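Asker: First the structure, then my questions, so here it is.
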Amino acid sequence: MQASSIQLELLVPEYLEKDKLVHSQVWNTRLHFRIGERIQIVAPSGSGKTSLVHMIYGLRKDFSGAVLCDGKPLKSFNPQELASWRKNRISVVFQDLRLFPDQTAERNIEVKRLLQPYHNVSKVTEMAKRLGVYEKLRQTAQTCSYGEQQRIAIIRALQQPFDFLLLDEPFSHLDDRNAERALSLIEEECTARGAAILMIDLQEVPLFKAERTLHL
Amino acid sequence: MTPNYSTISPFLNSTKSKWSRTLGYIGLCLGVVLLLCSVQMYMNVQQFISGKEIKKSGYDFVSVSKLITDQNMGKDNRFNAAEIQEIQSQPFITDAAPLISNEFRAQISAGNIIPFSTDLFLEAIQDDFIDSVTPSFQWRPGELHVPVILSADYLEMYNIFAPSQDLPQLSESSIGKVQLQLDCSGMYGSGRYSAGIVGLSSRISTILVPKSFLEWANQTYGGKKTEHAARVYIKTENISNPELVQFLQTKGYFVNKERTRSARIKVILQSFVSGLGIFSVIVILLSMMLFAFYLQLMIARSKDNLKLLQTLGYSPTWLSHMMSKRWIPVYAIIIVVACMITIALQYAFSLAFSYKESLSPFIAWPVVGVAAFLLIICIWFNSRLISRELNRL
């Protein structure tokens, strides 16, 4: 089954102050994200960027309104459906990365790749070389710098099939050159899958060619 | 390549609680051995006792007679109809039947093959009290052949004294071929019958003839209707029932002590084995609790990793299935080891008692059944526990 869309229906986090809703182009509105799209959502700190990512990924349920996946509310998914959603249809680079700190970078990537293999191991090696972390693959994640961990998290997110890729401040600890390389890899992978990108950041990412930019 | 347990095992923190796991293994193995042994011993006790005990359809049969003392010596110490009815009416007695005896002179001889002749007593009881009734154990007035059921003890005694009297020893199968002659005589006449042994009784120590013959012969040769009996056989579910013992003592009735003693021994042994069984169930429960603690500890320590695996797309059901499956060989090995220990113990037990009883050196099928049931229970318990703990994350 091919995912066609994610819809946000009058989504309002329970904790959000009402005055933040007034000028938002995301909260309390109706939005439709389709496969293949390039969307950028920008907002300052504390306006709920990470919350939005978690809501779309199915990690949070403390909101009113609905996140619809192919018309079905994400809140109604059972654990099995949610696992399938995450395994086949949506991938993410978390702001806090969520790597296993005491495991090697390689194992961090492999545990995701084996779940629903999209690439083979040689492709992982190629990606690691391209992003400059090949030498770090045998190191535990906790011994890598934050920038290296960010690149490992990006590589991990690209190991599965997906229709939507959520990126929560994915280049926050990367210099421009590394950010450019990473974005180029992400674009290639998403184009190959026909997938949509939802880039969520503090400000517009200069090299990212967004079709829509929304202010949270 | 699809993910399997080895994919997720590095994310499960189990290294620091190996001692409780090992203790769990030993405890479970010990508990299972105890349980299997107690089931096996229970069956051994059954085999031991039922080999000697004359138990038909789950009942005990025992002979009751009046105790002869200095005070009642010389009186008629037989049971009358009212006393027999009183015995029959007791709630702890399923049935009772008088063992009637001959009221005329009876002599038996074996013709020329085994040259002996002796006076003897004959007794009769209703057929359902006899443990070895054959279809030929019947008699109708006018018939000249009388079937006889002999006490197995009598054959044993005969074979002991036969060589010293230059008489041939007889096997159980050959005794039926011996043609006997029964002479009955009394105040009202006499008669000669051919007789043949149609069975051996382990329950009733006497020479039994069909009840129809003895009642007819008592009337015909003795001129008396059979009304009294020196012995009464009782049929009861439990010979050791305190109410029954109390009743017999109060009435001054005498019971074969050996029978009640073996029944008591059986009850004591079965109680002991049952106690051992209960103890082993407690040991198994404690071991499973230890396992439960170990699993809870492992899941609690790996909580963050397991949550992250779920965040990445691993379903709780799959994780639970993989973790549970991991334990199946462990439980299987423990139970197979316990079975092997039980087999070894049973073999040693059968050797130790081989001089007394022919005990099977193999474990009984119910023991294998209990082992299989335990394996299923362990796997189910483990699976439920892991599933519950993962859903709690």
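In the structure tokens, the first chain shown is A, the next is B, and so on; residue numbers restart at 1 for each chain, and ligands run from 1 in the order shown.
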Taking only C-alpha atoms into account, what are the residues of chain B at most 10 Å from chain A, put as a PyMOL selection string?

Answerer: chain B and resi 1-4+7-8+10-11+304-305+308-318+391

Asker: What's the 8 Å shell around range 93-97 of chain A, counting only C-alpha atoms, without same-chain residues fewer than 6 positions away, as JSON, numbers by chain?

Answerer: {"A": [50, 149, 150, 153, 154, 157, 165, 166, 167, 168, 169, 170]}

Asker: Would you mind exporting the chosen residues as a PDB file, in the first residue's frame, restricted to C-alpha atoms?

Answerer:
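Output (selection14.pdb):
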```pdb
ATOM      1  CA  THR A  50      10.039  18.799  18.157  1.00  0.00           C
ATOM      2  CA  GLN A 149      26.496  11.400  15.637  1.00  0.00           C
ATOM      3  CA  GLN A 150      24.206  13.661  13.601  1.00  0.00           C
ATOM      4  CA  ALA A 153      21.611   9.407  12.581  1.00  0.00           C
ATOM      5  CA  ILE A 154      21.050  10.717   9.026  1.00  0.00           C
ATOM      6  CA  ALA A 157      17.254   7.222   8.743  1.00  0.00           C
ATOM      7  CA  LEU A 165      11.214  11.885   5.944  1.00  0.00           C
ATOM      8  CA  LEU A 166      11.020  14.069   9.040  1.00  0.00           C
ATOM      9  CA  LEU A 167      14.136  16.123   9.742  1.00  0.00           C
ATOM     10  CA  ASP A 168      14.279  17.916  13.086  1.00  0.00           C
ATOM     11  CA  GLU A 169      17.140  20.418  12.938  1.00  0.00           C
ATOM     12  CA  PRO A 170      19.282  17.805  11.154  1.00  0.00           C
TER      13      PRO A 170
END
```

Asker: Could you pull the residues within 10 Å of Gly48 in chain A, counting only C-alpha atoms, minus those fewer than 3 positions along the same chain, as a list in words?

Answerer: Pro13, Tyr15, Leu16, Lys20, Trp27, Ala43, Pro44, Ser45, Ser51, Leu52, Val53, His54 and Leu216 of chain A

Asker: Please identify which residues in range 93-204 of chain B DSSP calls alpha helix (DSSP H) from the backbone, and express them as a PyMOL selection string.

Answerer: chain B and resi 152-161

Asker: For a quick check of understanding, using only C-alpha atoms, which of B:Gln88, B:Gln126, B:Asn77, B:Gln181 has the smallest distance to Pro210 in chain B?

Answerer: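 Residue with the minimum atom-to-atom distance to Pro210 in chain B: B:Gln126.
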
Asker: Among range 143-347 of chain B, which ones does DSSP assign to strand (DSSP E or B) (computed from the backbone)? Answer as a PyMOL selection string.

Answerer: chain B and resi 145-151+180-186+189-201+207-208+229+231-236+253-255

Asker: Just to be explicit: take each residue in the selection above, keep C-alpha atoms, and write the result as an mmCIF file, in the first residue's frame.

Answerer:
```cif
data_model
loop_
_atom_site.group_PDB
_atom_site.id
_atom_site.type_symbol
_atom_site.label_atom_id
_atom_site.label_comp_id
_atom_site.auth_asym_id
_atom_site.auth_seq_id
_atom_site.Cartn_x
_atom_site.Cartn_y
_atom_site.Cartn_z
ATOM 1 C CA HIS B 145 -19.676 -82.036 38.549
ATOM 2 C CA VAL B 146 -18.817 -79.352 41.082
ATOM 3 C CA PRO B 147 -16.418 -76.534 40.118
ATOM 4 C CA VAL B 148 -14.040 -75.414 42.838
ATOM 5 C CA ILE B 149 -12.034 -72.220 43.387
ATOM 6 C CA LEU B 150 -9.036 -72.838 45.587
ATOM 7 C CA SER B 151 -7.087 -70.333 47.633
ATOM 8 C CA LEU B 180 -10.997 -84.766 42.031
ATOM 9 C CA GLN B 181 -13.700 -86.747 43.711
ATOM 10 C CA LEU B 182 -15.970 -85.060 46.261
ATOM 11 C CA ASP B 183 -17.894 -87.203 48.709
ATOM 12 C CA CYS B 184 -20.677 -85.549 50.715
ATOM 13 C CA SER B 185 -22.415 -87.336 53.543
ATOM 14 C CA GLY B 186 -24.713 -86.430 56.392
ATOM 15 C CA GLY B 189 -27.937 -89.023 52.845
ATOM 16 C CA SER B 190 -24.739 -89.048 50.828
ATOM 17 C CA GLY B 191 -23.522 -88.298 47.302
ATOM 18 C CA ARG B 192 -20.432 -88.513 45.104
ATOM 19 C CA TYR B 193 -19.427 -85.786 42.670
ATOM 20 C CA SER B 194 -16.571 -85.150 40.355
ATOM 21 C CA ALA B 195 -14.800 -81.861 41.084
ATOM 22 C CA GLY B 196 -12.348 -79.664 39.209
ATOM 23 C CA ILE B 197 -10.400 -76.564 40.161
ATOM 24 C CA VAL B 198 -11.475 -73.761 37.836
ATOM 25 C CA GLY B 199 -9.575 -70.912 39.465
ATOM 26 C CA LEU B 200 -7.291 -69.717 42.220
ATOM 27 C CA SER B 201 -8.280 -66.914 44.562
ATOM 28 C CA ILE B 207 -12.104 -73.806 49.227
ATOM 29 C CA LEU B 208 -14.990 -72.209 47.356
ATOM 30 C CA ALA B 229 -21.915 -67.603 58.681
ATOM 31 C CA ARG B 231 -17.114 -65.109 58.282
ATOM 32 C CA VAL B 232 -18.438 -62.049 56.501
ATOM 33 C CA TYR B 233 -16.641 -60.413 53.632
ATOM 34 C CA ILE B 234 -16.943 -56.641 53.429
ATOM 35 C CA LYS B 235 -16.411 -54.457 50.399
ATOM 36 C CA THR B 236 -15.273 -50.909 51.193
ATOM 37 C CA TYR B 253 -15.105 -58.205 65.100
ATOM 38 C CA PHE B 254 -11.735 -59.479 63.992
ATOM 39 C CA VAL B 255 -10.087 -58.304 60.784
#
```

Asker: Could you list, as a compact mmCIF listing (two decimals) with C-alpha atoms, in the first residue's frame, every residue within 7 Å of Gln139 in chain A, counting only C-alpha atoms and ignoring same-chain residues fewer than 3 positions away?

Answerer:
```txt
# COMPACT_ATOMS: atom_id res chain seq x y z
CA THR A 104 29.02 1.20 17.69
CA ALA A 105 27.91 3.58 14.95
CA LYS A 136 33.90 6.23 13.04
CA THR A 143 32.67 8.54 21.72
```

Asker: Using only C-alpha atoms, which residues sit within 8 Å of Val26 in chain A once same-chain residues fewer than 3 positions away are excluded, as a VMD selection string?

Answerer: chain A and resid 11 29 to 31 214 to 216

Asker: Leaving out Gly252 in chain B and any residue of its chain fewer than 6 positions from it, which residues lie within 12 Å of it when counting only C-alpha atoms, given as a list in words?

Answerer: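 Everything that qualifies: Val64, Ser65, Lys66, Leu67, Ile68, Thr69, Asn72, Asn77, Phe79, Val245 and Gln246 of chain B.
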
Asker: Between B:Gln40, B:Ser136, B:Ser101, B:Ser63, which has the minimum distance to Phe362 in chain B (counting only C-alpha atoms)?

Answerer: B:Gln40

Asker: Select, from A:Glu189, A:Ile41, A:Asp175, A:Gln142, the residue with the minimum atom-to-atom distance to Lys123 in chain A, counting only C-alpha atoms.

Answerer: A:Glu189
